[in-house]
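Working notes for the structure below.
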Protein chains: 4
Amino acid sequence: MKVIGVIGAGSCNNEIYELAREVGVGIAKMGAILICGGLGGVMEGACRGAYEAGGRTVGILPGPDRAHANQYVTIPIVTDLGHARNVLIVRSSDLLIAVSGGYGTLSEISIALKLKKPVVGLSTWPNMEGVQYVSTAEEALNAALVSV
Amino acid sequence: MKVIGVIGAGSCNNEIYELAREVGVGIAKMGAILICGGLGGVMEGACRGAYEAGGRTVGILPGPDRAHANQYVTIPIVTDLGHARNVLIVRSSDLLIAVSGGYGTLSEISIALKLKKPVVGLSTWPNMEGVQYVSTAEEALNAALVSV
Amino acid sequence: MKVIGVIGAGSCNNEIYELAREVGVGIAKMGAILICGGLGGVMEGACRGAYEAGGRTVGILPGPDRAHANQYVTIPIVTDLGHARNVLIVRSSDLLIAVSGGYGTLSEISIALKLKKPVVGLSTWPNMEGVQYVSTAEEALNAALVSV
Amino acid sequence: MKVIGVIGAGSCNNEIYELAREVGVGIAKMGAILICGGLGGVMEGACRGAYEAGGRTVGILPGPDRAHANQYVTIPIVTDLGHARNVLIVRSSDLLIAVSGGYGTLSEISIALKLKKPVVGLSTWPNMEGVQYVSTAEEALNAALVSV
């Protein structure tokens, strides 16, 4: 079984949301488990894509209950660990796809690179040595297929 | 969706293993997600039962990778949090079924009672106010059906 | 250097508060660091005793900032981990003294026994194999002196 | 009371070690508590400086015991949380001083910026919006004095 993490901001514009959704569709079609932070924005877009394609979506939630999980999370993990839960997303993933994202995403990319996990970057923090940058969801999915 | 946690010792005799397995079968038949610590003993028995009945099995692993997950975990969550991961099992569950168990299990029962989650006890720590004690896997599953 | 953990309920009657305070005084006089959950009740009583006797008091706080630390914590550690921070109190202590306490305290005693840390019990959960039960703060401190 | 975090790589050359040490001396002279990850390199240099100047040094250790704490840590906090402990260092600090550092340090800077904590940068990851870059330990300490 393969687990692919999708990381990115909790709120985003429609273009980024659709990009994340396309990534989610592809992860489900690969037969991989999608793991993410379980909230809105990129996380919701990715879960939605995977969910609509019949995939499994894990949300590693930062809060004390499921209240803030997006509706496309099929396997909610409630941590109550706040930002420390970011490390669990990275540890649990075979590969991470970063879509856009702010400082939380950067912390996840950093931990992933520290742990030598492959990271594919899509419209995200630039110029990180070790990140494989791509331009489309299709390229991200192809990169994931090669790595995991 | 319902999530049922199964907690118990990481090594156990065959009788307890079969009891856990029977609980796992029932959780899968209920259509619920089984969540546990992902290791051996009671955790493996429960995952095996659910797995063989076609259910989803989440293992919240204490170590830094999947190396110690039992083979019936279909959704491995790698925490590297050691015993602190016990709290995540409790938080993520709608109800917990304790099967036998040592001090780790007692810590999980304690956190569950603190969080006012229902706990069903099967051959486990006795005399805990708030635990619903039962004698068979079937009774445990019936108690779970009523509560969640 | 020695680190002694004091665990107990976040609210308590005056008698238990004074018992915790006496324990805190003794820990400071021993030259040990007192570590606890940093909140009210037994934690505050113990910190107060140690603080007034010139000792160092560490509060391992469950929330996202220092807002709820009692005023006698001199070294606040902000975890935002919720109940998972209980494990850190146990891990950081050479020995634990349990004063009264509810389910949170029971989870800490359980983890301590699992990790084979010495636990001294004062008016707390009874009949735990491995806990050294005593009747007064003085006896608890003597037991601590022998063990660490 | 003020708590200043020092973040940086676990191994470093002598020049960076001495820079960290100078920062540690200044934190102790300010009367602030120094908090860090408790290991070697920049963490050891900073703890050593503060220790030798009579300050309090907190090490938030990633492992399951104190074995890897540097000898200048006076208050060891044992987390067994691995990299998730980075978040605790940030949460516990009023301000962070980053000295050199790799991906672990970048994850800490990211979390700090996410939490809107002031970050002073000394020979560290460049071009991070929100980091106040300085060139000497003295400038870092002056920046800290102004902010906390």
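Here, A, B, ... name the chains of the structure tokens in the order displayed, residue numbers run from 1 inside each chain, and ligands are numbered from 1 in the same displayed order.
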Note to self: Near chain B, meaning an atom within 6 Å, which residues of chain A appear when counting only C-alpha atoms? Write them as a PyMOL selection string.
What the structure shows: chain A and resi 77-79+88+91-92
(Q) as a PyMOL selection string, please: every residue in stretch 25-145 of chain B that DSSP puts in alpha helix (DSSP H). (A) chain B and resi 25-30+42-52+85-92+103-114+137-145
Keeping N, CA and C atoms for every residue in the selection just given, could you write it to a file as a compact mmCIF listing (two decimals), in the first residue's frame?
```txt
# COMPACT_ATOMS: atom_id res chain seq x y z
N VAL B 25 -13.92 -8.73 13.85
CA VAL B 25 -14.90 -9.18 12.85
C VAL B 25 -16.20 -8.38 13.00
N GLY B 26 -16.64 -8.25 14.24
CA GLY B 26 -17.90 -7.55 14.49
C GLY B 26 -17.85 -6.08 14.11
N ILE B 27 -16.71 -5.44 14.38
CA ILE B 27 -16.58 -4.03 14.04
C ILE B 27 -16.66 -3.85 12.52
N ALA B 28 -15.99 -4.73 11.79
CA ALA B 28 -16.04 -4.65 10.33
C ALA B 28 -17.46 -4.87 9.82
N LYS B 29 -18.16 -5.83 10.41
CA LYS B 29 -19.53 -6.12 9.96
C LYS B 29 -20.48 -4.96 10.25
N MET B 30 -20.17 -4.21 11.31
CA MET B 30 -20.95 -3.02 11.65
C MET B 30 -20.75 -1.90 10.61
N VAL B 42 -3.34 -8.07 21.15
CA VAL B 42 -4.76 -7.71 20.98
C VAL B 42 -4.96 -6.84 19.74
N MET B 43 -3.99 -5.94 19.50
CA MET B 43 -4.11 -5.05 18.33
C MET B 43 -4.10 -5.87 17.03
N GLU B 44 -3.22 -6.84 16.97
CA GLU B 44 -3.16 -7.68 15.77
C GLU B 44 -4.40 -8.54 15.64
N GLY B 45 -4.83 -9.13 16.75
CA GLY B 45 -6.03 -9.96 16.71
C GLY B 45 -7.22 -9.18 16.17
N ALA B 46 -7.41 -7.98 16.70
CA ALA B 46 -8.55 -7.17 16.28
C ALA B 46 -8.43 -6.77 14.81
N CYS B 47 -7.24 -6.32 14.40
CA CYS B 47 -7.04 -5.94 13.00
C CYS B 47 -7.28 -7.14 12.08
N ARG B 48 -6.80 -8.29 12.51
CA ARG B 48 -6.95 -9.48 11.67
C ARG B 48 -8.41 -9.83 11.44
N GLY B 49 -9.16 -9.80 12.54
CA GLY B 49 -10.59 -10.09 12.41
C GLY B 49 -11.28 -9.12 11.46
N ALA B 50 -10.99 -7.84 11.64
CA ALA B 50 -11.63 -6.83 10.79
C ALA B 50 -11.16 -6.96 9.35
N TYR B 51 -9.88 -7.18 9.18
CA TYR B 51 -9.29 -7.30 7.85
C TYR B 51 -9.91 -8.48 7.09
N GLU B 52 -10.00 -9.62 7.76
CA GLU B 52 -10.54 -10.82 7.11
C GLU B 52 -12.02 -10.68 6.80
N ARG B 85 1.05 8.60 21.72
CA ARG B 85 0.10 8.25 20.67
C ARG B 85 -1.16 7.61 21.24
N ASN B 86 -1.10 7.11 22.46
CA ASN B 86 -2.29 6.52 23.08
C ASN B 86 -3.46 7.50 23.10
N VAL B 87 -3.14 8.76 23.36
CA VAL B 87 -4.19 9.78 23.44
C VAL B 87 -4.89 9.93 22.09
N LEU B 88 -4.15 9.78 21.01
CA LEU B 88 -4.74 9.92 19.67
C LEU B 88 -5.73 8.80 19.37
N ILE B 89 -5.43 7.61 19.85
CA ILE B 89 -6.36 6.48 19.66
C ILE B 89 -7.68 6.80 20.36
N VAL B 90 -7.57 7.31 21.58
CA VAL B 90 -8.77 7.63 22.35
C VAL B 90 -9.55 8.77 21.69
N ARG B 91 -8.85 9.84 21.37
CA ARG B 91 -9.49 11.01 20.76
C ARG B 91 -10.20 10.65 19.44
N SER B 92 -9.61 9.74 18.69
CA SER B 92 -10.16 9.42 17.37
C SER B 92 -11.35 8.47 17.42
N TYR B 103 -0.56 -1.71 31.63
CA TYR B 103 -0.55 -0.31 32.04
C TYR B 103 -0.83 0.64 30.87
N GLY B 104 -0.37 0.29 29.68
CA GLY B 104 -0.67 1.15 28.53
C GLY B 104 -2.17 1.23 28.30
N THR B 105 -2.82 0.08 28.39
CA THR B 105 -4.28 0.03 28.23
C THR B 105 -4.97 0.83 29.34
N LEU B 106 -4.45 0.71 30.56
CA LEU B 106 -5.04 1.47 31.67
C LEU B 106 -4.93 2.97 31.41
N SER B 107 -3.81 3.39 30.83
CA SER B 107 -3.68 4.83 30.52
C SER B 107 -4.71 5.24 29.49
N GLU B 108 -5.01 4.35 28.55
CA GLU B 108 -6.02 4.67 27.53
C GLU B 108 -7.43 4.70 28.11
N ILE B 109 -7.72 3.73 28.98
CA ILE B 109 -9.04 3.74 29.64
C ILE B 109 -9.19 5.04 30.44
N SER B 110 -8.13 5.43 31.13
CA SER B 110 -8.19 6.64 31.97
C SER B 110 -8.47 7.88 31.14
N ILE B 111 -7.75 8.01 30.03
CA ILE B 111 -7.96 9.18 29.16
C ILE B 111 -9.38 9.14 28.57
N ALA B 112 -9.84 7.95 28.20
CA ALA B 112 -11.19 7.83 27.64
C ALA B 112 -12.24 8.27 28.66
N LEU B 113 -12.09 7.83 29.90
CA LEU B 113 -13.06 8.22 30.92
C LEU B 113 -12.97 9.72 31.20
N LYS B 114 -11.76 10.24 31.19
CA LYS B 114 -11.59 11.69 31.38
C LYS B 114 -12.32 12.46 30.28
N ALA B 137 -17.35 -11.35 23.33
CA ALA B 137 -17.19 -10.42 22.21
C ALA B 137 -18.57 -9.96 21.72
N GLU B 138 -19.51 -10.89 21.70
CA GLU B 138 -20.84 -10.53 21.23
C GLU B 138 -21.47 -9.44 22.10
N GLU B 139 -21.33 -9.61 23.41
CA GLU B 139 -21.87 -8.57 24.30
C GLU B 139 -21.15 -7.23 24.10
N ALA B 140 -19.86 -7.29 23.87
CA ALA B 140 -19.10 -6.05 23.64
C ALA B 140 -19.62 -5.34 22.39
N LEU B 141 -19.86 -6.12 21.36
CA LEU B 141 -20.33 -5.55 20.09
C LEU B 141 -21.75 -5.00 20.24
N ASN B 142 -22.58 -5.69 20.98
CA ASN B 142 -23.93 -5.19 21.24
C ASN B 142 -23.87 -3.87 22.01
N ALA B 143 -23.00 -3.83 23.01
CA ALA B 143 -22.86 -2.59 23.78
C ALA B 143 -22.37 -1.46 22.87
N ALA B 144 -21.48 -1.79 21.95
CA ALA B 144 -20.98 -0.77 21.02
C ALA B 144 -22.08 -0.28 20.10
N LEU B 145 -22.90 -1.21 19.62
CA LEU B 145 -24.00 -0.84 18.73
C LEU B 145 -24.98 0.12 19.39
```
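Here atom CA of A:Met128 and atom CA of D:Ile4 stand 27.9 Å from one another.
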Students should find that atom CA of D:Gly101 and atom CA of D:Ile16 are spaced 9.8 Å
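Coordinates place atom CA of C:Ser11 at a distance of 13.1 Å from atom CA of C:His68.
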Residues within 6 Å of A:Cys36, please, as a PyMOL selection string. Count only C-alpha atoms; anything in the same chain fewer than 3 positions from it doesn't count. chain A and resi 5-6+59
Residue selection dump (all heavy atoms) as a PDB file, in the first residue's frame:
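In the end it all went to out_22.pdb:
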```
ATOM      1  N   GLY A   5       1.002  12.072   0.829  1.00  0.00           N
ATOM      2  CA  GLY A   5       0.546  13.240   1.574  1.00  0.00           C
ATOM      3  C   GLY A   5       0.357  14.426   0.662  1.00  0.00           C
ATOM      4  O   GLY A   5       1.174  14.677  -0.227  1.00  0.00           O
ATOM      5  N   VAL A   6      -0.712  15.164   0.873  1.00  0.00           N
ATOM      6  CA  VAL A   6      -0.906  16.421   0.160  1.00  0.00           C
ATOM      7  C   VAL A   6      -0.899  17.534   1.204  1.00  0.00           C
ATOM      8  O   VAL A   6      -1.668  17.501   2.169  1.00  0.00           O
ATOM      9  CB  VAL A   6      -2.219  16.449  -0.644  1.00  0.00           C
ATOM     10  CG1 VAL A   6      -2.405  17.814  -1.324  1.00  0.00           C
ATOM     11  CG2 VAL A   6      -2.228  15.336  -1.689  1.00  0.00           C
ATOM     12  N   GLY A  59      -7.536  12.333   7.260  1.00  0.00           N
ATOM     13  CA  GLY A  59      -7.306  13.696   7.753  1.00  0.00           C
ATOM     14  C   GLY A  59      -6.700  13.655   9.145  1.00  0.00           C
ATOM     15  O   GLY A  59      -7.340  13.157  10.066  1.00  0.00           O
TER      16      GLY A  59
END
```
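Shortest atom-to-atom contact with C:Gly38 among C:Val134, C:Ala53, C:Cys12, C:Ala69: C:Ala69, counting only C-alpha atoms.
The list of residues with at least one atom within 7 Å of stretch 120-123 of chain C, based on only C-alpha atoms and without residues fewer than 4 positions apart in the same chain, reads Leu96, Ile97, Ala98, Val99, Ser100, Val131, Gln132, Tyr133, Val134, Ser135, Thr136 and Ala140 of chain C.
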Among chain C, which residues carry a DSSP assignment of strand (DSSP E or B), reported as number ranges by chain? C: 3-8, 33-36, 57-61, 75-78, 95-99, 119-122, 131-134
